[in-house]
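Here is the file upload-v2.txt (compact mmCIF, C-alpha atoms and all ligand atoms).
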```txt
# COMPACT_ATOMS: atom_id res chain seq x y z
CA MET A 186 -90.55 122.65 -5.13
CA SER A 187 -94.16 122.85 -6.38
CA GLU A 188 -93.14 123.01 -10.04
CA GLN A 189 -90.87 119.98 -9.67
CA LEU A 190 -93.52 118.09 -7.71
CA ILE A 191 -96.15 118.77 -10.37
CA SER A 192 -93.92 117.50 -13.14
CA PHE A 193 -92.87 114.50 -11.06
CA ILE A 194 -96.55 113.57 -10.54
CA ARG A 195 -97.46 114.19 -14.20
CA ASP A 196 -94.52 112.05 -15.35
CA TYR A 197 -95.43 109.26 -12.97
CA PHE A 198 -99.09 109.15 -14.05
CA ARG A 199 -98.10 109.90 -17.67
CA SER A 200 -100.89 112.46 -17.92
CA GLU A 201 -101.33 116.14 -18.77
CA GLU A 202 -105.02 115.97 -17.72
CA PHE A 203 -106.53 116.51 -14.28
CA ILE A 204 -104.94 114.12 -11.76
CA PRO A 205 -107.31 113.06 -8.96
CA LEU A 206 -106.35 112.18 -5.40
CA HIS A 207 -107.59 108.63 -5.75
CA ALA A 208 -109.40 106.96 -8.65
CA PRO A 209 -110.65 103.35 -8.64
CA VAL A 210 -109.22 100.81 -11.08
CA PHE A 211 -111.39 98.08 -12.62
CA SER A 212 -109.03 95.81 -14.50
CA GLY A 213 -110.19 92.39 -13.33
CA LYS A 214 -113.41 90.40 -13.51
CA GLU A 215 -115.68 93.29 -12.42
CA ASN A 216 -117.78 93.29 -15.59
CA ALA A 217 -118.30 89.53 -15.59
CA TYR A 218 -119.29 89.26 -11.92
CA VAL A 219 -121.60 92.30 -11.95
CA ALA A 220 -123.24 91.13 -15.20
CA ASP A 221 -123.74 87.75 -13.58
CA THR A 222 -125.91 89.30 -10.82
CA ILE A 223 -128.03 91.03 -13.46
CA THR A 224 -128.43 87.90 -15.61
CA SER A 225 -129.42 85.89 -12.55
CA THR A 226 -131.76 88.73 -11.31
CA PHE A 227 -130.17 88.40 -7.85
CA VAL A 228 -128.95 92.00 -7.51
CA SER A 229 -130.27 92.81 -4.06
CA SER A 230 -130.56 91.19 -0.63
CA VAL A 231 -130.29 87.58 -1.80
CA GLY A 232 -127.40 86.14 -3.76
CA ALA A 233 -124.20 84.15 -3.61
CA TYR A 234 -121.72 87.02 -4.02
CA VAL A 235 -122.41 88.40 -0.53
CA ASP A 236 -121.48 85.07 1.09
CA ARG A 237 -118.48 84.69 -1.16
CA PHE A 238 -117.26 88.26 -0.51
CA GLU A 239 -117.62 87.78 3.26
CA GLN A 240 -115.65 84.53 3.10
CA ASP A 241 -112.97 86.05 0.88
CA VAL A 242 -112.48 89.03 3.22
CA ALA A 243 -112.46 86.76 6.30
CA SER A 244 -109.80 84.60 4.73
CA TYR A 245 -107.70 87.56 3.51
CA THR A 246 -107.76 89.29 6.93
CA ASP A 247 -107.77 86.03 8.91
CA ALA A 248 -110.80 87.32 10.89
CA PRO A 249 -113.08 84.52 12.20
CA ARG A 250 -116.12 86.27 10.63
CA ALA A 251 -116.68 89.12 8.19
CA ILE A 252 -120.15 90.67 7.74
CA ALA A 253 -120.80 92.87 4.71
CA THR A 254 -122.74 96.13 5.19
CA VAL A 255 -124.03 99.04 3.06
CA ASN A 256 -121.11 101.27 4.03
CA GLY A 257 -118.29 101.65 6.52
CA THR A 258 -120.19 104.05 8.76
CA ALA A 259 -123.02 101.51 9.20
CA ALA A 260 -120.42 98.82 9.95
CA LEU A 261 -118.90 100.97 12.70
CA HIS A 262 -122.33 101.85 14.13
CA ILE A 263 -123.20 98.17 14.56
CA ALA A 264 -119.71 97.25 15.80
CA LEU A 265 -120.01 99.88 18.55
CA LYS A 266 -123.48 98.66 19.55
CA LEU A 267 -122.18 95.10 19.81
CA ALA A 268 -119.20 96.34 21.84
CA GLY A 269 -121.76 97.51 24.41
CA VAL A 270 -121.81 101.25 23.70
CA LYS A 271 -125.02 102.76 25.12
CA PRO A 272 -126.65 106.21 25.22
CA GLY A 273 -124.80 108.47 27.63
CA ASP A 274 -121.47 106.60 27.34
CA LEU A 275 -118.14 108.13 26.36
CA VAL A 276 -116.11 106.55 23.54
CA ILE A 277 -112.43 107.41 23.13
CA THR A 278 -111.23 108.28 19.64
CA GLN A 279 -108.77 110.56 17.87
CA PRO A 280 -109.63 114.09 16.63
CA LEU A 281 -107.63 113.45 13.45
CA THR A 282 -110.07 111.24 11.56
CA PHE A 283 -112.86 111.32 8.99
CA VAL A 284 -116.18 112.49 10.46
CA ALA A 285 -117.78 109.01 10.06
CA THR A 286 -115.85 107.73 13.11
CA CYS A 287 -117.54 110.28 15.37
CA ASN A 288 -120.91 110.04 13.65
CA ALA A 289 -121.07 106.29 14.33
CA ILE A 290 -120.38 107.03 18.02
CA ALA A 291 -123.16 109.65 18.01
CA TYR A 292 -125.64 107.22 16.36
CA CYS A 293 -125.27 105.09 19.53
CA GLY A 294 -126.27 108.08 21.66
CA ALA A 295 -122.69 108.20 22.97
CA GLU A 296 -120.15 111.03 22.88
CA PRO A 297 -116.59 111.01 21.56
CA LEU A 298 -113.76 111.76 23.99
CA PHE A 299 -110.79 113.05 22.03
CA ILE A 300 -107.26 111.81 22.73
CA ASP A 301 -104.21 112.87 20.72
CA VAL A 302 -102.45 110.95 17.94
CA ASP A 303 -98.78 109.96 17.69
CA LEU A 304 -96.60 111.80 15.16
CA HIS A 305 -94.96 108.59 13.93
CA THR A 306 -98.23 106.68 13.24
CA LEU A 307 -100.87 109.44 12.82
CA GLY A 308 -103.08 107.09 14.90
CA LEU A 309 -104.34 107.17 18.49
CA SER A 310 -101.42 107.55 20.91
CA PRO A 311 -101.07 104.92 23.67
CA THR A 312 -98.95 107.40 25.66
CA ALA A 313 -101.57 110.15 25.49
CA LEU A 314 -104.31 107.61 26.24
CA GLU A 315 -102.61 106.18 29.33
CA SER A 316 -101.74 109.59 30.64
CA TRP A 317 -105.32 110.92 30.24
CA LEU A 318 -106.86 107.83 31.82
CA SER A 319 -104.57 107.73 34.83
CA GLU A 320 -105.27 111.37 35.53
CA ASN A 321 -109.00 111.45 34.78
CA ALA A 322 -110.51 107.98 35.06
CA GLN A 323 -110.89 105.07 37.47
CA LEU A 324 -112.41 101.59 37.46
CA ASP A 325 -115.58 101.35 39.62
CA CYS A 326 -116.37 98.35 41.85
CA GLU A 327 -117.85 96.51 38.86
CA GLY A 328 -114.76 97.17 36.77
CA VAL A 329 -116.38 99.82 34.55
CA CYS A 330 -114.05 102.62 33.48
CA ARG A 331 -115.53 105.97 34.59
CA THR A 332 -114.49 109.61 34.65
CA LYS A 333 -113.35 110.64 38.15
CA GLU A 334 -115.17 113.93 37.87
CA ASP A 335 -118.74 112.81 37.10
CA HIS A 336 -118.61 109.00 36.89
CA GLN A 337 -119.57 108.84 33.22
CA ALA A 338 -118.87 105.40 31.73
CA ILE A 339 -116.05 105.23 29.16
CA ARG A 340 -117.08 102.15 27.23
CA ALA A 341 -114.87 101.77 24.20
CA CYS A 342 -111.73 102.92 22.43
CA VAL A 343 -111.77 103.50 18.67
CA PRO A 344 -108.36 104.02 17.05
CA MET A 345 -108.28 104.80 13.33
CA HIS A 346 -105.46 103.66 11.03
CA THR A 347 -104.87 106.97 9.29
CA PHE A 348 -104.25 106.82 5.50
CA GLY A 349 -103.70 103.07 5.92
CA HIS A 350 -100.81 103.30 8.40
CA PRO A 351 -101.34 101.02 11.42
CA ALA A 352 -101.62 102.69 14.83
CA ASP A 353 -99.50 101.37 17.73
CA LEU A 354 -101.68 98.33 18.37
CA ASP A 355 -99.57 96.60 21.06
CA GLY A 356 -99.92 99.68 23.26
CA LEU A 357 -103.60 100.21 22.52
CA VAL A 358 -104.52 96.55 23.10
CA SER A 359 -102.80 96.45 26.48
CA ILE A 360 -104.23 99.78 27.72
CA SER A 361 -107.75 98.85 26.58
CA LYS A 362 -107.50 95.54 28.49
CA ARG A 363 -106.20 97.19 31.64
CA TRP A 364 -108.93 99.85 31.62
CA ASN A 365 -111.72 97.50 30.55
CA LEU A 366 -112.42 99.38 27.31
CA ALA A 367 -113.81 97.54 24.30
CA LEU A 368 -111.30 98.02 21.48
CA VAL A 369 -113.07 98.67 18.16
CA GLU A 370 -110.73 99.50 15.26
CA ASP A 371 -111.88 101.83 12.52
CA ALA A 372 -109.87 100.10 9.79
CA ALA A 373 -111.82 101.82 6.98
CA GLU A 374 -108.60 103.06 5.37
CA SER A 375 -106.34 100.11 6.14
CA LEU A 376 -107.53 97.06 4.19
CA GLY A 377 -104.29 95.28 3.33
CA SER A 378 -102.29 96.86 6.17
CA PHE A 379 -100.67 94.54 8.68
CA TYR A 380 -99.18 95.20 12.13
CA LYS A 381 -96.53 92.63 13.08
CA GLY A 382 -97.97 90.30 10.46
CA GLN A 383 -101.59 90.56 11.69
CA HIS A 384 -104.27 92.39 9.69
CA THR A 385 -105.50 95.71 11.10
CA GLY A 386 -109.10 95.49 12.32
CA THR A 387 -108.54 92.07 13.95
CA PHE A 388 -106.85 93.23 17.18
CA GLY A 389 -109.90 94.40 19.09
CA GLU A 390 -113.35 92.95 19.87
CA LEU A 391 -114.49 94.19 16.49
CA GLY A 392 -113.05 96.05 13.50
CA THR A 393 -114.60 97.70 10.47
CA LEU A 394 -113.65 98.28 6.83
CA SER A 395 -114.99 100.59 4.10
CA PHE A 396 -115.31 99.96 0.36
CA ASN A 397 -116.36 103.47 -0.60
CA GLY A 398 -115.31 104.62 -4.08
CA ASN A 399 -112.20 106.44 -2.80
CA LYS A 400 -110.83 103.58 -0.69
CA ILE A 401 -108.09 101.13 -1.76
CA MET A 402 -110.74 98.88 -3.29
CA THR A 403 -114.42 99.59 -3.80
CA THR A 404 -117.85 97.99 -3.99
CA GLY A 405 -119.37 101.31 -5.09
CA GLY A 406 -120.44 101.76 -1.49
CA GLY A 407 -119.97 99.21 1.23
CA GLY A 408 -118.38 98.16 4.48
CA MET A 409 -117.47 95.10 6.54
CA ILE A 410 -117.54 94.16 10.22
CA LEU A 411 -114.69 91.88 11.38
CA ALA A 412 -115.45 89.88 14.52
CA ASN A 413 -115.30 86.54 16.29
CA GLN A 414 -117.97 83.89 15.56
CA GLU A 415 -120.37 84.95 18.30
CA LEU A 416 -120.27 88.73 17.69
CA GLY A 417 -120.22 88.02 13.96
CA ALA A 418 -123.48 86.08 14.19
CA GLN A 419 -125.04 88.97 16.15
CA ALA A 420 -123.75 91.47 13.60
CA LYS A 421 -125.30 89.49 10.75
CA HIS A 422 -128.63 89.36 12.62
CA LEU A 423 -128.67 93.09 13.49
CA THR A 424 -127.66 94.25 10.00
CA THR A 425 -130.37 92.13 8.31
CA THR A 426 -133.46 93.50 10.14
CA ALA A 427 -133.10 91.02 13.07
CA LYS A 428 -135.28 88.47 11.29
CA LYS A 429 -135.47 85.04 12.88
CA PRO A 430 -134.68 82.29 10.41
CA HIS A 431 -137.91 80.70 9.18
CA ALA A 432 -139.04 79.15 5.91
CA TYR A 433 -141.76 81.78 5.32
CA GLU A 434 -142.74 83.77 8.43
CA TYR A 435 -141.63 87.33 9.20
CA ILE A 436 -140.62 87.36 12.85
CA HIS A 437 -138.14 90.02 13.99
CA ASP A 438 -136.92 89.81 17.57
CA GLN A 439 -135.46 93.31 18.08
CA VAL A 440 -135.11 96.68 16.36
CA GLY A 441 -132.84 95.65 13.52
CA TYR A 442 -131.17 97.59 10.73
CA ASN A 443 -131.36 97.29 6.97
CA TYR A 444 -127.60 97.56 6.62
CA ARG A 445 -126.86 94.55 4.40
CA MET A 446 -124.72 94.90 1.30
CA PRO A 447 -126.60 94.23 -1.98
CA ASN A 448 -125.38 91.28 -4.07
CA LEU A 449 -124.58 93.67 -6.95
CA ASN A 450 -122.03 95.51 -4.80
CA ALA A 451 -120.58 92.30 -3.38
CA ALA A 452 -119.94 91.04 -6.94
CA LEU A 453 -117.82 94.14 -7.58
CA GLY A 454 -116.05 93.51 -4.27
CA CYS A 455 -115.14 89.91 -5.17
CA ALA A 456 -113.50 91.09 -8.39
CA GLN A 457 -111.67 93.96 -6.65
CA LEU A 458 -110.38 91.79 -3.83
CA GLU A 459 -108.76 89.46 -6.38
CA GLN A 460 -106.56 92.44 -7.37
CA LEU A 461 -105.91 93.90 -3.92
CA GLU A 462 -102.34 92.66 -3.56
CA GLN A 463 -101.50 94.07 -7.00
CA PHE A 464 -103.06 97.42 -6.02
CA ILE A 465 -100.94 97.48 -2.87
CA ALA A 466 -97.77 96.56 -4.77
CA ALA A 467 -98.43 99.46 -7.19
CA LYS A 468 -99.09 101.84 -4.32
CA ARG A 469 -95.91 100.85 -2.55
CA VAL A 470 -93.92 101.58 -5.72
CA LEU A 471 -95.53 105.03 -5.89
CA ALA A 472 -94.82 105.65 -2.18
CA GLU A 473 -91.18 104.74 -2.71
CA SER A 474 -90.95 107.16 -5.65
CA TYR A 475 -92.44 109.94 -3.52
CA ARG A 476 -90.00 109.10 -0.74
CA ASP A 477 -87.07 109.40 -3.12
CA PHE A 478 -88.47 112.61 -4.58
CA PHE A 479 -88.81 114.32 -1.18
CA HIS A 480 -85.49 112.97 0.14
CA GLY A 481 -83.29 115.88 1.15
CA SER A 482 -86.08 118.48 0.76
CA ASP A 483 -87.68 120.36 3.66
CA LEU A 484 -90.91 118.40 3.27
CA GLN A 485 -91.16 115.13 5.14
CA PHE A 486 -92.75 112.24 3.28
CA PHE A 487 -94.71 110.05 5.70
CA THR A 488 -93.52 106.41 5.67
CA GLU A 489 -95.01 103.29 7.27
CA PRO A 490 -94.41 102.81 11.01
CA GLU A 491 -91.97 100.14 12.21
CA HIS A 492 -93.09 96.48 12.14
CA CYS A 493 -95.88 97.33 9.69
CA ARG A 494 -96.82 96.61 6.09
CA SER A 495 -98.91 99.62 5.15
CA ASN A 496 -101.26 99.71 2.16
CA TYR A 497 -100.20 103.36 1.51
CA TRP A 498 -103.83 104.15 0.68
CA LEU A 499 -103.23 107.93 0.66
CA ASN A 500 -99.71 109.30 0.43
CA ALA A 501 -98.98 112.18 2.77
CA VAL A 502 -96.28 114.77 3.15
CA ILE A 503 -95.70 116.96 6.21
CA CYS A 504 -94.87 120.60 5.49
CA GLN A 505 -92.73 122.82 7.68
CA ASP A 506 -95.59 125.17 8.51
CA LYS A 507 -99.04 126.32 7.43
CA VAL A 508 -97.66 128.93 5.02
CA GLN A 509 -95.73 126.28 3.10
CA ARG A 510 -98.74 123.94 3.18
CA ASP A 511 -101.12 126.59 1.82
CA ALA A 512 -98.71 127.45 -0.98
CA LEU A 513 -98.36 123.78 -1.93
CA LEU A 514 -102.14 123.23 -1.93
CA LYS A 515 -102.73 126.30 -4.06
CA SER A 516 -100.05 125.70 -6.69
CA THR A 517 -100.91 122.02 -7.22
CA ASN A 518 -104.70 122.46 -7.34
CA ASP A 519 -104.34 125.49 -9.66
CA LYS A 520 -102.41 123.24 -12.07
CA GLY A 521 -104.95 120.38 -12.05
CA VAL A 522 -103.03 118.14 -9.68
CA MET A 523 -105.38 117.31 -6.84
CA THR A 524 -103.95 117.59 -3.34
CA ARG A 525 -105.85 118.00 -0.08
CA PRO A 526 -105.22 119.10 3.50
CA VAL A 527 -106.03 116.63 6.27
CA TRP A 528 -109.55 116.76 7.77
CA ALA A 529 -110.48 119.62 10.10
CA LEU A 530 -110.08 118.23 13.62
CA MET A 531 -113.29 116.66 14.94
CA ASN A 532 -113.19 118.70 18.17
CA ASN A 533 -113.56 121.87 16.06
CA LEU A 534 -116.71 120.74 14.22
CA ALA A 535 -119.95 122.34 15.47
CA MET A 536 -121.52 119.08 16.69
CA TYR A 537 -118.43 117.80 18.53
CA GLN A 538 -116.86 121.00 19.86
CA GLY A 539 -118.35 120.56 23.32
CA CYS A 540 -116.90 117.09 23.74
CA ARG A 541 -114.28 116.22 26.34
CA ARG A 542 -110.67 116.10 25.18
CA GLY A 543 -107.14 115.59 26.36
CA ASP A 544 -104.14 117.61 25.17
CA LEU A 545 -104.29 117.60 21.37
CA SER A 546 -101.01 119.29 20.41
CA ASN A 547 -99.85 116.63 17.92
CA SER A 548 -103.20 116.64 16.10
CA GLU A 549 -103.18 120.44 15.99
CA TRP A 550 -99.61 120.45 14.68
CA LEU A 551 -100.47 117.93 11.95
CA GLU A 552 -103.72 119.68 10.98
CA GLU A 553 -101.67 122.69 9.80
CA ARG A 554 -99.04 120.69 7.92
CA VAL A 555 -100.32 117.47 6.31
CA VAL A 556 -101.00 117.37 2.57
CA ASN A 557 -102.33 114.28 0.77
CA LEU A 558 -100.87 113.63 -2.69
CA PRO A 559 -102.31 111.81 -5.73
CA SER A 560 -102.30 108.13 -4.77
CA SER A 561 -104.17 106.16 -7.44
CA VAL A 562 -103.00 102.80 -8.68
CA LEU A 563 -101.31 103.50 -11.99
CA GLN A 564 -103.46 102.02 -14.80
CA GLY A 565 -101.70 99.10 -16.41
CA THR A 566 -99.62 98.17 -13.36
CA ALA A 567 -102.35 96.21 -11.59
C1 LIG Q 1 -114.15 105.99 4.64
C2 LIG Q 1 -114.14 106.02 6.13
C3 LIG Q 1 -115.21 105.50 6.91
C4 LIG Q 1 -116.45 104.88 6.35
O1 LIG Q 1 -116.94 105.53 5.29
P1 LIG Q 1 -118.16 105.04 4.38
O2 LIG Q 1 -118.15 106.08 3.33
O3 LIG Q 1 -119.38 105.07 5.27
O4 LIG Q 1 -117.90 103.67 3.85
C5 LIG Q 1 -115.08 105.53 8.28
N1 LIG Q 1 -113.98 106.01 8.88
C6 LIG Q 1 -112.94 106.49 8.18
C7 LIG Q 1 -111.75 106.97 8.90
C8 LIG Q 1 -112.98 106.53 6.80
O5 LIG Q 1 -111.94 107.02 6.11
```

As structure tokens, the full file:
Amino acid sequence: MSEQLISFIRDYFRSEEFIPLHAPVFSGKENAYVADTITSTFVSSVGAYVDRFEQDVASYTDAPRAIATVNGTAALHIALKLAGVKPGDLVITQPLTFVATCNAIAYCGAEPLFIDVDLHTLGLSPTALESWLSENAQLDCEGVCRTKEDHQAIRACVPMHTFGHPADLDGLVSISKRWNLALVEDAAESLGSFYKGQHTGTFGELGTLSFNGNKIMTTGGGGMILANQELGAQAKHLTTTAKKPHAYEYIHDQVGYNYRMPNLNAALGCAQLEQLEQFIAAKRVLAESYRDFFHGSDLQFFTEPEHCRSNYWLNAVICQDKVQRDALLKSTNDKGVMTRPVWALMNNLAMYQGCRRGDLSNSEWLEERVVNLPSSVLQGTA
């Protein structure tokens, strides 16, 4: 299997060199837009590309407002603050995620509460969520969701759309409403992914995106907060040092953050966004080729959930067991074809191992079996 997979991947990417997991492609107006910021000297906190990039992302995702930030982690930090997360609160999320999800929760002085993922979405499971809440939580007289045991407030719910595949949003939206939890989607991996025709990251109070170098499109480093007009205005204020608008005075009305995206990075983002649909088309062709390749084998290629248009940011295959996974990882990486296991579960990391959790059997099962495959946009197809 490994030998055939390696030659399949090398044929597809038409390369005998090292094949990375995900490389960015700059085949549009990147040079022109970035050079424009340099010529104009507006490379930093002032400049037209930030406004343009925010408007372009808002219109692509159909979010009322989009606020650009330095990275996706900063975007999630501010989104959680605006969702009302305070020190001492609990915030529900999945253990199968990148560490940034939990770090943003910790920056608020809150603690993650780990609930399992679904096997058919790889995202937070509405079934596991409902079952944990009905057993362990209750609404107090003010309608705040609290643990039965010690009355700790559970303030928000943060699903993550793993590898770009949308989580079960209908279920998560309805449970979050019923239990009075602010829904904040970590859509860092799912720019371009739609659930029932609606863009991921626009289902909850707030959603966040990432434009890190390994994501489906990049600004070098960067992120975005998706929100309604009112929360969007607050997000803009908080991420730009909370300065009150004034012609020349420096008045700041709260502890703000210097989380704004520089104009230089936004210029790159404008050029990348113009190519996003082509990137996704190329990725969907690759995903289909992988699906055909694995058809009839004992490895299960992960395909988009029902009612979804996934961006297929990172292709994933599920092995039969850990022995098969380890063999696949070793043979491909030895031959210069980069593959990776999924992240170590968050509840096993030193700083989060004491956190509360529900039953995590699906996450544990996936942790031993998932392998990510090379997923770059093929040069020349975008
Ligand atoms: C990439 C990513 C982020 C944000 O990462 P930054 O590098 O800070 O932009 C957050 N959550 C998940 C799940 C991610 O994959």

* Enumerate as a list in words the residues within 6 Å of ligand LIG 1 (chain Q), counting all atoms listed in the file. =>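 For ligand LIG 1 (chain Q), the residues inside 6 Å are Asn256, Gly257, Thr258, Thr282, Phe283, Ala285, Thr286, Asp371, Ala373, Glu374, Ser395, Phe396, Asn397, Gly407 and Gly408 of chain A.
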
* Asked: So which one's closest to Gln485 (chain A), A:Arg469, A:Lys400, A:Lys381, A:His305? Using all atoms listed in the file, please.
  ->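 Among the listed residues, A:His305 lies closest to Gln485 (chain A).
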
* To do: Go through A:His431, A:Arg541, A:Arg195, A:His207 and flag the residue nearest Phe348 (chain A), using only C-alpha atoms for the distances.
  =>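 Once distances to Phe348 (chain A) are computed over only C-alpha atoms, the minimum belongs to A:His207.
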
* **Interatomic distance, CA of Thr403 (chain A) to CA of Tyr292 (chain A) (Å, one decimal)** => 24.3 Å

* **Distance criterion (all atoms listed in the file): nearest to Ala295 (chain A) out of A:Asp236, A:Val210, A:Lys333, A:Cys540** =>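 Checking each of A:Asp236, A:Val210, A:Lys333, A:Cys540 against Ala295 (chain A), counting all atoms listed in the file, the winner is A:Cys540.
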
* Asked: Counting only C-alpha atoms, which of A:Ser516, A:Val302, A:Ser482, A:Lys429 gets nearest to Glu552 (chain A)?
  ->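 Nearest to Glu552 (chain A): A:Val302.
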
* Can you work out which one of A:Gly539, A:Gly356, A:Gly269, A:Gly398 has the shortest atom-to-atom distance to Val329 (chain A), counting all atoms listed in the file? =>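 Ranked by minimum distance to Val329 (chain A), first place goes to A:Gly269.
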
* Write out as a list in words each polymer residue whose atoms come within 12 Å of Ser546 (chain A), counting all atoms listed in the file; drop sequence neighbours fewer than 5 positions from it. =>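 Within the cut-off, the hits are Gln279, Pro280, Leu281, Phe299, Ile300, Asp301, Val302, Asp303, Leu304, Ser310, Ala313, Leu530, Leu551, Glu552 and Glu553 of chain A.
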
* To do: Could you check which of A:Thr278, A:Thr488, A:Ser319, A:Gln463 is closest to Ile503 (chain A), using all atoms listed in the file?
  =>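 For Ile503 (chain A), the nearest of the given residues is A:Thr488.
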
* To do: For region 201-203 of chain A, please output as number ranges by chain all residues within 10 Å (counting all atoms listed in the file; exclusion window: fewer than 2 positions along the same chain).
  => A: 192, 194-196, 198-199, 205-206, 518, 520-523

* To do: For Thr254 (chain A), list every protein, DNA or RNA residue within 7 Å, evaluated using only C-alpha atoms, and leave out those in the same chain fewer than 2 positions away; present the list as a PyMOL selection string.
  => chain A and resi 252+256+259-260+407-409+444-446

* To do: Name the residues in contact with Ile436 (chain A) at a cut-off of 12 Å, using only C-alpha atoms, excluding same-chain residues fewer than 6 positions from it; report them as a list in words.
  =>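 What passes the distance filter is Thr426, Ala427, Lys428, Lys429 and Pro430 of chain A.
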
* **For CA of Ser495 (chain A) and CA of Gln457 (chain A), the interatomic separation in Å (one decimal)** => 18.3 Å

* Asked: How many Å separate CA of Ile263 (chain A) from CA of Ala338 (chain A)?
  ->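 Straight-line distance from CA of Ile263 (chain A) to CA of Ala338 (chain A) works out to 19.1 Å.
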
* Extract, using all atoms listed in the file, all DNA, RNA and protein residues at most 10 Å from Pro351 (chain A), discarding same-chain residues fewer than 6 positions from it, and format them as a ChimeraX atom specification. => /A:306-309,344-345,372,374-375,378-381,384-386,489-496
